[in-house]
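K.L.:
To start, I am sharing the structure in question, which I have written as structure tokens.
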Amino acid sequence: MYFSASQIALMIGGKVDGDPNATVNSFGKIEEAGAGQLSFLANPKYEEYLYITKASIIIVKESLELKHPVASTLIRVGDPYTAFATLLQKYQEFMQQQLKGIQQPCYIAQSAKYGENVYIGAFAYLGENVKVGNNTKIYPGVYLGDNVTVGDNSVIFPGVKILHNCVIGNNVTIHAGTIIGSDGFGFAPQADGSFSKVPQIGNVVIEDDVEIGANCTIDRATIGSTIIRKGVKMDNLIQIAHNVEIGGSTVVAAQAGISGSTKVGKGVMIGGQAGIVGHLHIGDGAKINAQSGVSKSIEPGKAVTGSPAHDYAAALRSQALSRNLPDIERRIKQLEQLVQQLVKTTS
Amino acid sequence: MYFSASQIALMIGGKVDGDPNATVNSFGKIEEAGAGQLSFLANPKYEEYLYITKASIIIVKESLELKHPVASTLIRVGDPYTAFATLLQKYQEFMQQQLKGIQQPCYIAQSAKYGENVYIGAFAYLGENVKVGNNTKIYPGVYLGDNVTVGDNSVIFPGVKILHNCVIGNNVTIHAGTIIGSDGFGFAPQADGSFSKVPQIGNVVIEDDVEIGANCTIDRATIGSTIIRKGVKMDNLIQIAHNVEIGGSTVVAAQAGISGSTKVGKGVMIGGQAGIVGHLHIGDGAKINAQSGVSKSIEPGKAVTGSPAHDYAAALRSQALSRNLPDIERRIKQLEQLVQQLVKTTS
Amino acid sequence: MYFSASQIALMIGGKVDGDPNATVNSFGKIEEAGAGQLSFLANPKYEEYLYITKASIIIVKESLELKHPVASTLIRVGDPYTAFATLLQKYQEFMQQQLKGIQQPCYIAQSAKYGENVYIGAFAYLGENVKVGNNTKIYPGVYLGDNVTVGDNSVIFPGVKILHNCVIGNNVTIHAGTIIGSDGFGFAPQADGSFSKVPQIGNVVIEDDVEIGANCTIDRATIGSTIIRKGVKMDNLIQIAHNVEIGGSTVVAAQAGISGSTKVGKGVMIGGQAGIVGHLHIGDGAKINAQSGVSKSIEPGKAVTGSPAHDYAAALRSQALSRNLPDIERRIKQLEQLVQQLVKTTS
């Protein structure tokens, strides 16, 4: 799929400076781009590459004055980065729209229903009473258990497993290999040291505009729902235990884990590899640093770090002093010697 | 599938108080339940919800005296929580028993064998000489490599991959996306800085009554077996390296990792995101706190925390003092000043 | 597949001591091996097992003098461990070579191409313009998105998902459940607190001789490539973010995570559960201890530990002192009392 400089200029309201018939079919960074690629120059630090890049088309600032001749065709706009990002977005949307139809073999139960313009890939499985909305893409190897609902305009990438009764909203993206609705980890200790399973019969509810990374696990509630609220963004390999609730627009970095029944507020930032124990409340807008071990509830807006986690600023001070411990010990030794001498002198 | 109040009362030995023909088809928490749901009241703290819930049927204590009129049908029993848990269990068993038969397309090698009452989902793969026991459920997209054995009454959830020669016992549950029998991480460093692979030709043995969470990885032994003993319960995203052995009824929380050849005893508790280095012995009944980094063997019954992990009680004291380091430094400064004055005074 | 003692002796240049027609079809540790198994004795510590093992054939040192009669057939060689490792390798290669042909059902787009001697398992998916090289094994349930390239002699284990445009080299092994080319985690914060997705249109490039463990996630670059260089070895459940580059022959242990745009040098060792923040440079030959939290770039050859990570030797000293904090506090108290007495005495 090739686009010409004049077509692109039209899309982003720019002015062609060079060959209007120059064509591109992919994107590249200005320092790496080759023939047939579109690039952009926003940061003046990279201007040197403008004169040596092999990119066929480059989006630049309207006001740019060339210091040397340029082989590429330029498109001049007010804000090159925004123009480039707009093109990326249009390109992604265009590519997603191409994806349509039902590939064979797939398994669709007789009671399952799907909307218009869907893509259902080969080896996808839609169980009894599954409902898939309009324009939603179900990639190959996805499993939707009985009674699962997926809304409109959602993208479920290859190999995602969504187990029975879970509910996925509109404009949701779930990346490859993620498991939604595995059993919560609930076992009752028995007198003989063994454990008896507590049935997990709730579900997982994922609201609109959520994005979940690859190979995550989100467990179903014991009863009721584990809930991921509107606009939450989660990275890869994250563990969400049963009955957790994550508030709107909260961001969770890779490999973090949240234990059972903890309620996370809105707009919280959770760093990579952080862990939060069960039954806590994390206030709106809290910030949890990477690798923190959160063992107590956090007030709204507070920042914490460390394992166990405490106040961010205080923790940084303690950490710095902790590294100075050899010095602290040296000072104590010196004091001990001085004091001993003093004791001798004065006695 | 609807059940009436009188049917349920019969199952749990209770007495109907209200409409014996009221019906339910699912479960809910008393504070959230809607029409058609069954709930219970065990904790008096929640009694207020009894008078406003929309649950159709509620299991309550025999002796409960109502303070207001109640719209729901009540079933009175000696112990409402146990009665409710019993119903959950019966419901789960009933649902699992419904799951039967071979869905198409699936791939079953000619030499593979399976027992009675099994479920083999679409896109499941049974390699050469695979044996699946009676009443076992193989969900869609499961891969059982050549010579894999799965016992009776086990449940292998969607997308689980069990590689060649691994052995799974009876009453085992493995949640979606888990990998059993990937190669152990063994490489011999070469003179030129590269690494040469050490073939991993052992297997994984999972004994009876084990439950393993979603997206875990359990590597095969170099030679011999990686062994998960009877009754072990593992949460999600856990890494078990080659030649590890985990003793009976040990519990491992999410995102923990155990390195090669470490032997973990019986009844051990391993917290979330904890890590254990290779070739250690973890004694029976030891407790490893979340996010601990265990670098030395642990005596039976001992509790550890921290990274590197040491004695739990001592570590808590050190952690508390560590947070007080700014205060400790202040006290040292004060001492230094005082001592300097004293030195002046006495000299 | 059975091999006789004389056949094995021929393969490893050894001398049969016992029945040359004794046969084996698998390998075992000397302390566990049963009839029909081949074992070896390299470490004299295990010699006692030589006289009681049920292994049919045992590889031993040329010079070994027997203290008791031995039931097994022996094969005498110069270096028993190397001979045994050689046999393992030959056995693995032989087994892989058996794996050939296209199992049905699978999905191969009309524009996809594959070389000679390939294995394509049931439920594998090869999208448009996919290229698979000679002797490469694509196990069941693997997904290769549009335009994916996999080189020669590579092994892609069950359920691996490689998304569109990613490039995999020769002699690469990717273990089950790993995701290559999921979207990078890039979102632009909006004025209303929500996040807008930054399209991720780059890819992942995996060079020759790389081995990647099970259930890992490697995100595609925003633009350009996330790159895993020649000979890198990665364990299970590892997260590699967008635009990361990992240098040749670097080793990454299980559950480690590397954040966006960080460049890791050659021959680096990254411990289990370690985390590295984004946009850092990790010098060649650096060593990062397990569970470290790396927040600053690391010079070539340096070793770090702790969270936040700093110099290994200094950190160990601080950690030891940190555990001695109760003692340090006691000494300060003592000093305070002494000094107070001195102040009284001298005033």
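Ligands are numbered from 1 in the order shown, chains are lettered A, B, ... in the order of the structure tokens, and residues start at 1 in each chain.
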For chain C, report every residue with an atom at most 8 Å from chain A (counting only C-alpha atoms), formatted as a compact mmCIF listing (two decimals) with all heavy atoms, in the first residue's frame.
P.N.:
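The resulting file, out-v1.txt, is reproduced below:
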# COMPACT_ATOMS: atom_id res chain seq x y z
N PRO C 105 -5.71 -30.03 11.08
CA PRO C 105 -5.80 -28.78 10.32
C PRO C 105 -4.78 -27.75 10.76
O PRO C 105 -4.49 -27.62 11.94
CB PRO C 105 -7.20 -28.30 10.66
CG PRO C 105 -7.47 -28.84 12.03
CD PRO C 105 -6.73 -30.14 12.12
N TYR C 107 -3.44 -23.50 9.33
CA TYR C 107 -3.86 -22.40 8.46
C TYR C 107 -2.62 -21.78 7.84
O TYR C 107 -1.79 -21.22 8.54
CB TYR C 107 -4.63 -21.35 9.26
CG TYR C 107 -5.13 -20.19 8.41
CD1 TYR C 107 -6.44 -20.15 7.95
CD2 TYR C 107 -4.28 -19.14 8.07
CE1 TYR C 107 -6.90 -19.10 7.17
CE2 TYR C 107 -4.73 -18.09 7.28
CZ TYR C 107 -6.04 -18.08 6.84
OH TYR C 107 -6.49 -17.04 6.05
N PHE C 123 -3.11 -26.69 13.98
CA PHE C 123 -3.57 -25.42 14.57
C PHE C 123 -2.51 -24.32 14.53
O PHE C 123 -2.65 -23.30 15.19
CB PHE C 123 -4.09 -25.63 16.00
CG PHE C 123 -4.93 -26.86 16.16
CD1 PHE C 123 -4.61 -27.85 17.07
CD2 PHE C 123 -6.05 -27.05 15.35
CE1 PHE C 123 -5.37 -29.01 17.19
CE2 PHE C 123 -6.83 -28.21 15.45
CZ PHE C 123 -6.49 -29.19 16.38
N TYR C 125 -0.71 -21.23 12.59
CA TYR C 125 -1.26 -20.19 11.71
C TYR C 125 -0.11 -19.44 11.06
O TYR C 125 0.72 -18.86 11.76
CB TYR C 125 -2.12 -19.24 12.55
CG TYR C 125 -2.77 -18.12 11.77
CD1 TYR C 125 -4.11 -18.19 11.41
CD2 TYR C 125 -2.06 -16.97 11.43
CE1 TYR C 125 -4.72 -17.16 10.71
CE2 TYR C 125 -2.66 -15.94 10.73
CZ TYR C 125 -3.99 -16.03 10.37
OH TYR C 125 -4.59 -15.01 9.68
N GLY C 141 -0.34 -24.83 17.34
CA GLY C 141 -0.89 -23.65 18.00
C GLY C 141 -0.01 -22.42 17.93
O GLY C 141 -0.29 -21.42 18.59
N TYR C 143 1.30 -18.99 16.26
CA TYR C 143 0.75 -17.95 15.39
C TYR C 143 1.88 -17.12 14.82
O TYR C 143 2.67 -16.54 15.58
CB TYR C 143 -0.21 -17.06 16.20
CG TYR C 143 -0.68 -15.82 15.46
CD1 TYR C 143 -1.79 -15.86 14.62
CD2 TYR C 143 -0.02 -14.60 15.61
CE1 TYR C 143 -2.23 -14.73 13.94
CE2 TYR C 143 -0.45 -13.46 14.94
CZ TYR C 143 -1.55 -13.53 14.11
OH TYR C 143 -1.98 -12.41 13.44
N GLY C 159 2.16 -22.79 20.92
CA GLY C 159 1.45 -21.64 21.45
C GLY C 159 2.21 -20.33 21.41
O GLY C 159 1.71 -19.32 21.90
N LYS C 161 3.28 -16.86 20.01
CA LYS C 161 2.63 -15.92 19.09
C LYS C 161 3.66 -14.89 18.64
O LYS C 161 4.23 -14.17 19.48
CB LYS C 161 1.48 -15.17 19.79
CG LYS C 161 0.51 -16.05 20.59
CD LYS C 161 -0.24 -17.06 19.77
CE LYS C 161 -1.17 -17.91 20.64
NZ LYS C 161 -1.55 -19.17 20.03
N GLY C 177 4.41 -20.52 24.65
CA GLY C 177 3.63 -19.46 25.27
C GLY C 177 4.24 -18.07 25.18
O GLY C 177 3.63 -17.10 25.66
N THR C 178 5.41 -17.93 24.62
CA THR C 178 6.06 -16.61 24.54
C THR C 178 5.41 -15.75 23.45
O THR C 178 5.00 -16.25 22.41
CB THR C 178 7.58 -16.78 24.34
OG1 THR C 178 8.14 -17.08 25.62
CG2 THR C 178 8.24 -15.53 23.77
N ILE C 179 5.33 -14.44 23.73
CA ILE C 179 4.72 -13.47 22.82
C ILE C 179 5.79 -12.54 22.27
O ILE C 179 6.47 -11.86 23.04
CB ILE C 179 3.66 -12.61 23.56
CG1 ILE C 179 2.67 -13.47 24.37
CG2 ILE C 179 2.96 -11.67 22.60
CD1 ILE C 179 1.85 -14.43 23.57
N SER C 182 4.13 -7.94 20.74
CA SER C 182 2.98 -7.24 21.32
C SER C 182 3.31 -5.74 21.30
O SER C 182 4.46 -5.34 21.20
CB SER C 182 2.74 -7.73 22.75
OG SER C 182 3.96 -8.01 23.41
N ASP C 183 2.27 -4.90 21.39
CA ASP C 183 2.48 -3.45 21.33
C ASP C 183 3.32 -2.97 22.51
O ASP C 183 3.12 -3.42 23.64
CB ASP C 183 1.14 -2.72 21.42
CG ASP C 183 0.47 -2.59 20.07
OD1 ASP C 183 1.01 -3.11 19.07
OD2 ASP C 183 -0.59 -1.95 20.00
N PHE C 185 4.28 -0.26 25.43
CA PHE C 185 3.37 0.39 26.39
C PHE C 185 3.59 1.89 26.26
O PHE C 185 4.41 2.48 26.98
CB PHE C 185 3.72 -0.11 27.79
CG PHE C 185 2.68 0.18 28.85
CD1 PHE C 185 1.39 -0.31 28.73
CD2 PHE C 185 3.01 0.92 29.98
CE1 PHE C 185 0.44 -0.07 29.72
CE2 PHE C 185 2.07 1.16 30.98
CZ PHE C 185 0.77 0.67 30.84
N GLY C 193 -7.07 13.57 32.27
CA GLY C 193 -6.60 12.46 33.09
C GLY C 193 -6.60 11.13 32.36
O GLY C 193 -6.07 10.14 32.86
N SER C 194 -7.20 11.08 31.17
CA SER C 194 -7.21 9.82 30.42
C SER C 194 -5.92 9.72 29.60
O SER C 194 -5.09 10.62 29.62
CB SER C 194 -8.43 9.76 29.50
OG SER C 194 -8.27 10.66 28.43
N PHE C 195 -5.75 8.61 28.89
CA PHE C 195 -4.54 8.37 28.12
C PHE C 195 -4.88 8.05 26.67
O PHE C 195 -5.86 7.34 26.41
CB PHE C 195 -3.74 7.21 28.72
CG PHE C 195 -3.18 7.54 30.06
CD1 PHE C 195 -3.92 7.32 31.22
CD2 PHE C 195 -1.93 8.11 30.18
CE1 PHE C 195 -3.40 7.65 32.46
CE2 PHE C 195 -1.41 8.44 31.41
CZ PHE C 195 -2.14 8.22 32.55
N VAL C 198 -0.24 5.75 21.83
CA VAL C 198 0.76 6.06 20.82
C VAL C 198 0.92 4.80 19.97
O VAL C 198 1.33 3.76 20.48
CB VAL C 198 2.11 6.42 21.48
CG1 VAL C 198 3.16 6.69 20.42
CG2 VAL C 198 1.95 7.59 22.42
N PRO C 199 0.57 4.87 18.67
CA PRO C 199 0.67 3.66 17.84
C PRO C 199 2.08 3.07 17.87
O PRO C 199 3.06 3.82 17.91
CB PRO C 199 0.33 4.17 16.43
CG PRO C 199 -0.48 5.39 16.65
CD PRO C 199 0.08 6.02 17.90
N ILE C 201 4.37 0.87 15.72
CA ILE C 201 4.39 0.30 14.37
C ILE C 201 5.75 -0.28 14.00
O ILE C 201 5.97 -0.63 12.85
CB ILE C 201 3.95 1.33 13.33
CG1 ILE C 201 4.92 2.51 13.37
CG2 ILE C 201 2.52 1.80 13.59
CD1 ILE C 201 5.04 3.15 12.02
N ASN C 215 6.61 -18.29 28.08
CA ASN C 215 5.73 -17.21 28.57
C ASN C 215 6.45 -15.88 28.78
O ASN C 215 6.10 -15.12 29.69
CB ASN C 215 5.00 -17.64 29.85
CG ASN C 215 3.75 -18.46 29.56
OD1 ASN C 215 3.33 -18.56 28.41
ND2 ASN C 215 3.13 -19.03 30.58
N CYS C 216 7.45 -15.58 27.96
CA CYS C 216 8.06 -14.25 27.95
C CYS C 216 7.21 -13.30 27.09
O CYS C 216 6.35 -13.74 26.33
CB CYS C 216 9.47 -14.30 27.36
SG CYS C 216 10.64 -15.20 28.39
N THR C 217 7.50 -12.00 27.22
CA THR C 217 6.85 -10.99 26.37
C THR C 217 7.92 -10.03 25.87
O THR C 217 8.67 -9.47 26.65
CB THR C 217 5.78 -10.20 27.15
OG1 THR C 217 6.39 -9.61 28.31
CG2 THR C 217 4.65 -11.09 27.61
N ILE C 223 8.75 2.90 16.72
CA ILE C 223 9.21 2.90 15.33
C ILE C 223 10.57 2.22 15.37
O ILE C 223 11.26 2.30 16.37
CB ILE C 223 9.42 4.33 14.77
CG1 ILE C 223 8.17 5.19 15.04
CG2 ILE C 223 9.71 4.30 13.28
CD1 ILE C 223 8.33 6.61 14.54
N GLY C 224 10.97 1.57 14.27
CA GLY C 224 12.25 0.84 14.29
C GLY C 224 12.07 -0.53 14.91
O GLY C 224 11.01 -1.14 14.77
N LEU C 237 9.31 -16.09 31.54
CA LEU C 237 8.51 -15.00 32.16
C LEU C 237 9.26 -13.68 32.22
O LEU C 237 9.11 -12.91 33.18
CB LEU C 237 8.06 -15.42 33.57
CG LEU C 237 6.97 -16.52 33.62
CD1 LEU C 237 6.80 -17.03 35.05
CD2 LEU C 237 5.64 -16.01 33.10
N GLN C 239 10.16 -9.85 30.72
CA GLN C 239 9.51 -8.76 30.00
C GLN C 239 10.57 -7.88 29.35
O GLN C 239 11.47 -7.37 30.04
CB GLN C 239 8.67 -7.95 31.00
CG GLN C 239 8.51 -6.47 30.70
CD GLN C 239 7.60 -6.19 29.51
OE1 GLN C 239 7.13 -7.12 28.85
NE2 GLN C 239 7.37 -4.95 29.20
N GLY C 257 12.89 -7.92 34.13
CA GLY C 257 12.17 -7.00 33.25
C GLY C 257 13.05 -5.84 32.84
O GLY C 257 13.80 -5.31 33.67
N GLY C 275 14.99 -5.75 37.80
CA GLY C 275 14.27 -4.80 36.96
C GLY C 275 15.20 -3.67 36.55
O GLY C 275 16.06 -3.25 37.34
N GLY C 293 17.14 -3.52 41.49
CA GLY C 293 16.34 -2.51 40.81
C GLY C 293 17.28 -1.47 40.24
O GLY C 293 17.75 -0.60 40.96
N SER C 307 18.03 -2.73 45.63
CA SER C 307 16.97 -1.95 45.00
C SER C 307 16.76 -0.68 45.81
O SER C 307 16.23 -0.76 46.91
CB SER C 307 15.68 -2.77 44.95
OG SER C 307 14.62 -2.01 44.44
N ALA C 314 30.11 -2.79 47.93
CA ALA C 314 29.65 -1.79 48.90
C ALA C 314 28.26 -2.16 49.42
O ALA C 314 27.97 -2.02 50.61
CB ALA C 314 29.62 -0.42 48.25
N ALA C 315 27.41 -2.64 48.52
CA ALA C 315 26.04 -2.98 48.90
C ALA C 315 26.04 -4.13 49.91
O ALA C 315 25.30 -4.11 50.89
CB ALA C 315 25.22 -3.36 47.67
N ARG C 317 28.37 -4.82 52.07
CA ARG C 317 28.78 -4.24 53.36
C ARG C 317 27.61 -3.52 54.01
O ARG C 317 27.34 -3.72 55.20
CB ARG C 317 29.94 -3.27 53.14
CG ARG C 317 31.30 -3.83 53.57
CD ARG C 317 32.39 -2.79 53.72
NE ARG C 317 32.31 -1.68 52.80
CZ ARG C 317 32.86 -1.66 51.57
NH1 ARG C 317 33.51 -2.71 51.12
NH2 ARG C 317 32.75 -0.60 50.80
N SER C 318 26.92 -2.68 53.24
CA SER C 318 25.78 -1.93 53.79
C SER C 318 24.69 -2.88 54.28
O SER C 318 24.08 -2.66 55.32
CB SER C 318 25.18 -1.00 52.74
OG SER C 318 26.10 -0.01 52.40
N LEU C 321 25.72 -4.35 57.57
CA LEU C 321 25.56 -3.36 58.62
C LEU C 321 24.09 -3.11 58.91
O LEU C 321 23.69 -2.88 60.04
CB LEU C 321 26.25 -2.05 58.22
CG LEU C 321 27.78 -2.10 58.34
CD1 LEU C 321 28.40 -0.89 57.68
CD2 LEU C 321 28.20 -2.18 59.80
N SER C 322 23.29 -3.13 57.86
CA SER C 322 21.86 -2.88 58.01
C SER C 322 21.26 -3.92 58.95
O SER C 322 20.42 -3.61 59.79
CB SER C 322 21.21 -2.98 56.63
OG SER C 322 19.93 -2.44 56.65
N ILE C 328 24.06 -1.24 66.36
CA ILE C 328 24.51 0.15 66.19
C ILE C 328 23.72 1.06 67.12
O ILE C 328 24.27 1.94 67.79
CB ILE C 328 24.37 0.57 64.70
CG1 ILE C 328 25.53 -0.05 63.91
CG2 ILE C 328 24.34 2.08 64.55
CD1 ILE C 328 25.54 0.31 62.44
N ARG C 331 24.92 0.77 70.67
CA ARG C 331 26.19 1.46 70.90
C ARG C 331 25.98 2.97 71.03
O ARG C 331 26.62 3.63 71.85
CB ARG C 331 27.18 1.15 69.77
CG ARG C 331 27.77 -0.26 69.91
CD ARG C 331 28.33 -0.78 68.60
NE ARG C 331 29.54 -0.06 68.22
CZ ARG C 331 30.16 -0.26 67.04
NH1 ARG C 331 29.66 -1.09 66.15
NH2 ARG C 331 31.25 0.41 66.76
N ILE C 332 25.07 3.51 70.23
CA ILE C 332 24.80 4.95 70.31
C ILE C 332 24.20 5.28 71.67
O ILE C 332 24.58 6.27 72.31
CB ILE C 332 23.85 5.40 69.17
CG1 ILE C 332 24.58 5.25 67.83
CG2 ILE C 332 23.41 6.83 69.37
CD1 ILE C 332 23.72 5.59 66.63
N LEU C 335 26.87 5.34 74.24
CA LEU C 335 27.67 6.56 74.09
C LEU C 335 26.94 7.74 74.70
O LEU C 335 27.54 8.57 75.40
CB LEU C 335 27.95 6.82 72.61
CG LEU C 335 29.10 6.02 71.99
CD1 LEU C 335 29.08 6.16 70.48
CD2 LEU C 335 30.43 6.50 72.56
N LEU C 338 27.19 7.62 78.45
CA LEU C 338 28.56 7.94 78.89
C LEU C 338 28.83 9.44 78.76
O LEU C 338 29.37 10.07 79.67
CB LEU C 338 29.57 7.16 78.04
CG LEU C 338 29.86 5.73 78.49
CD1 LEU C 338 30.70 5.01 77.46
CD2 LEU C 338 30.59 5.76 79.85
N VAL C 339 28.46 9.99 77.61
CA VAL C 339 28.75 11.40 77.35
C VAL C 339 27.99 12.29 78.33
O VAL C 339 28.53 13.27 78.84
CB VAL C 339 28.42 11.75 75.88
CG1 VAL C 339 28.46 13.25 75.67
CG2 VAL C 339 29.41 11.06 74.96
N LEU C 342 29.79 12.26 81.47
CA LEU C 342 31.01 13.07 81.33
C LEU C 342 30.68 14.54 81.42
O LEU C 342 31.39 15.32 82.08
CB LEU C 342 31.68 12.77 79.98
CG LEU C 342 32.45 11.44 79.91
CD1 LEU C 342 32.85 11.15 78.48
CD2 LEU C 342 33.69 11.51 80.81
N THR C 345 30.12 15.33 84.98
CA THR C 345 31.39 15.26 85.71
C THR C 345 32.23 16.51 85.49
O THR C 345 32.85 17.05 86.41
CB THR C 345 32.19 14.03 85.24
OG1 THR C 345 31.33 12.92 85.18
CG2 THR C 345 33.38 13.76 86.16
N THR C 346 32.27 16.95 84.21
CA THR C 346 33.20 18.02 83.85
C THR C 346 32.59 19.41 84.00
O THR C 346 33.29 20.40 83.84
CB THR C 346 33.68 17.87 82.40
OG1 THR C 346 32.52 17.89 81.56
CG2 THR C 346 34.44 16.58 82.20
K.L.:
Env of Ser259 (chain A): 6 Å cut, atoms = only C-alpha atoms, seq-sep filter 2 positions within chain, self excluded. Answer as a count of residues only.
P.N.:
4
K.L.:
Which residues come within 7 Å of Val167 (chain B), counting only C-alpha atoms, excluding same-chain residues fewer than 3 positions away, as a PyMOL selection string?
P.N.:
chain B and resi 148-150+204-206
K.L.:
Where does DSSP see alpha helix (DSSP H) in region 17-210 of chain B, if you list the residues as a compact mmCIF listing (two decimals) with N, CA, C and O atoms, in the first residue's frame?
P.N.:
# COMPACT_ATOMS: atom_id res chain seq x y z
N GLU B 47 -26.32 -7.39 58.22
CA GLU B 47 -27.76 -7.62 58.36
C GLU B 47 -28.60 -6.54 57.68
O GLU B 47 -29.66 -6.82 57.13
N GLU B 48 -28.12 -5.29 57.70
CA GLU B 48 -28.89 -4.20 57.07
C GLU B 48 -29.27 -4.51 55.62
O GLU B 48 -30.33 -4.11 55.14
N TYR B 49 -28.36 -5.24 54.90
CA TYR B 49 -28.63 -5.54 53.49
C TYR B 49 -29.79 -6.52 53.33
O TYR B 49 -30.43 -6.58 52.29
N LEU B 50 -30.05 -7.31 54.39
CA LEU B 50 -31.12 -8.30 54.33
C LEU B 50 -32.46 -7.65 53.98
O LEU B 50 -33.28 -8.25 53.29
N PRO B 80 -25.03 -20.78 58.05
CA PRO B 80 -25.30 -20.29 56.68
C PRO B 80 -24.07 -20.33 55.78
O PRO B 80 -24.18 -20.67 54.60
N TYR B 81 -22.86 -19.99 56.29
CA TYR B 81 -21.69 -19.95 55.43
C TYR B 81 -21.35 -21.32 54.88
O TYR B 81 -21.11 -21.50 53.69
N THR B 82 -21.35 -22.33 55.78
CA THR B 82 -21.04 -23.70 55.35
C THR B 82 -22.08 -24.20 54.35
O THR B 82 -21.74 -24.84 53.35
N ALA B 83 -23.35 -23.89 54.61
CA ALA B 83 -24.41 -24.31 53.70
C ALA B 83 -24.21 -23.70 52.32
O ALA B 83 -24.34 -24.35 51.28
N PHE B 84 -23.84 -22.40 52.30
CA PHE B 84 -23.62 -21.70 51.03
C PHE B 84 -22.43 -22.29 50.29
O PHE B 84 -22.49 -22.56 49.08
N ALA B 85 -21.33 -22.53 51.04
CA ALA B 85 -20.12 -23.10 50.43
C ALA B 85 -20.41 -24.48 49.84
O ALA B 85 -19.93 -24.83 48.76
N THR B 86 -21.22 -25.26 50.55
CA THR B 86 -21.62 -26.59 50.06
C THR B 86 -22.35 -26.46 48.73
O THR B 86 -22.10 -27.22 47.78
N LEU B 87 -23.26 -25.50 48.65
CA LEU B 87 -24.01 -25.30 47.41
C LEU B 87 -23.08 -24.90 46.26
O LEU B 87 -23.22 -25.40 45.14
N LEU B 88 -22.13 -24.00 46.55
CA LEU B 88 -21.16 -23.58 45.53
C LEU B 88 -20.43 -24.79 44.97
O LEU B 88 -20.29 -24.96 43.76
N GLN B 89 -19.96 -25.63 45.89
CA GLN B 89 -19.20 -26.82 45.50
C GLN B 89 -20.06 -27.75 44.63
O GLN B 89 -19.61 -28.21 43.59
N LYS B 90 -21.28 -28.01 45.08
CA LYS B 90 -22.18 -28.89 44.31
C LYS B 90 -22.45 -28.30 42.93
O LYS B 90 -22.52 -29.01 41.93
N TYR B 91 -22.58 -26.97 42.88
CA TYR B 91 -22.86 -26.29 41.62
C TYR B 91 -21.68 -26.44 40.67
O TYR B 91 -21.85 -26.78 39.49
N GLN B 92 -20.46 -26.24 41.19
CA GLN B 92 -19.25 -26.38 40.39
C GLN B 92 -19.12 -27.80 39.84
O GLN B 92 -18.82 -28.00 38.66
N GLU B 93 -19.32 -28.78 40.72
CA GLU B 93 -19.23 -30.18 40.29
C GLU B 93 -20.25 -30.48 39.21
O GLU B 93 -19.95 -31.13 38.21
N PHE B 94 -21.46 -29.97 39.42
CA PHE B 94 -22.54 -30.19 38.46
C PHE B 94 -22.16 -29.60 37.10
O PHE B 94 -22.33 -30.24 36.05
N MET B 95 -21.62 -28.37 37.12
CA MET B 95 -21.25 -27.71 35.86
C MET B 95 -20.15 -28.49 35.14
O MET B 95 -20.19 -28.66 33.93
N GLN B 96 -19.15 -28.97 35.91
CA GLN B 96 -18.06 -29.73 35.31
C GLN B 96 -18.57 -31.02 34.70
O GLN B 96 -18.11 -31.46 33.65
N GLN B 97 -19.56 -31.65 35.38
CA GLN B 97 -20.08 -32.91 34.86
C GLN B 97 -20.82 -32.74 33.53
O GLN B 97 -20.91 -33.66 32.73
N GLN B 98 -21.36 -31.54 33.30
CA GLN B 98 -22.05 -31.27 32.03
C GLN B 98 -21.09 -31.32 30.84
O GLN B 98 -21.50 -31.55 29.72
K.L.:
Residues at most 7 Å from Asn135 (chain A), counting only C-alpha atoms, excluding those fewer than 3 positions away in the same chain, as a PyMOL selection string?
P.N.:
chain A and resi 116-118+152-153
K.L.:
Using CA of Val16 (chain C) and CA of Ile75 (chain C) as the two end points, give the distance in Å to one decimal.
P.N.:
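Interatomic distance, CA of Val16 (chain C) to CA of Ile75 (chain C): 4.6 Å.
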K.L.:
Excluding same-chain residues fewer than 4 positions from Ser297 (chain C), what lies within 9 Å of it counting only C-alpha atoms, as an mmCIF file with N, CA and C atoms, in the first residue's frame?
P.N.:
data_model
loop_
_atom_site.group_PDB
_atom_site.id
_atom_site.type_symbol
_atom_site.label_atom_id
_atom_site.label_comp_id
_atom_site.auth_asym_id
_atom_site.auth_seq_id
_atom_site.Cartn_x
_atom_site.Cartn_y
_atom_site.Cartn_z
ATOM 1 N N HIS C 279 15.619 3.766 29.210
ATOM 2 C CA HIS C 279 16.576 4.750 28.679
ATOM 3 C C HIS C 279 17.944 4.694 29.346
ATOM 4 N N LEU C 280 18.362 3.516 29.848
ATOM 5 C CA LEU C 280 19.703 3.370 30.435
ATOM 6 C C LEU C 280 20.650 2.674 29.449
ATOM 7 N N HIS C 281 21.948 2.761 29.770
ATOM 8 C CA HIS C 281 22.959 1.963 29.071
ATOM 9 C C HIS C 281 23.594 1.016 30.080
ATOM 10 N N ILE C 282 23.556 -0.269 29.800
ATOM 11 C CA ILE C 282 24.202 -1.261 30.660
ATOM 12 C C ILE C 282 25.440 -1.726 29.907
ATOM 13 N N GLY C 283 26.625 -1.428 30.469
ATOM 14 C CA GLY C 283 27.880 -1.694 29.762
ATOM 15 C C GLY C 283 28.151 -3.180 29.549
#
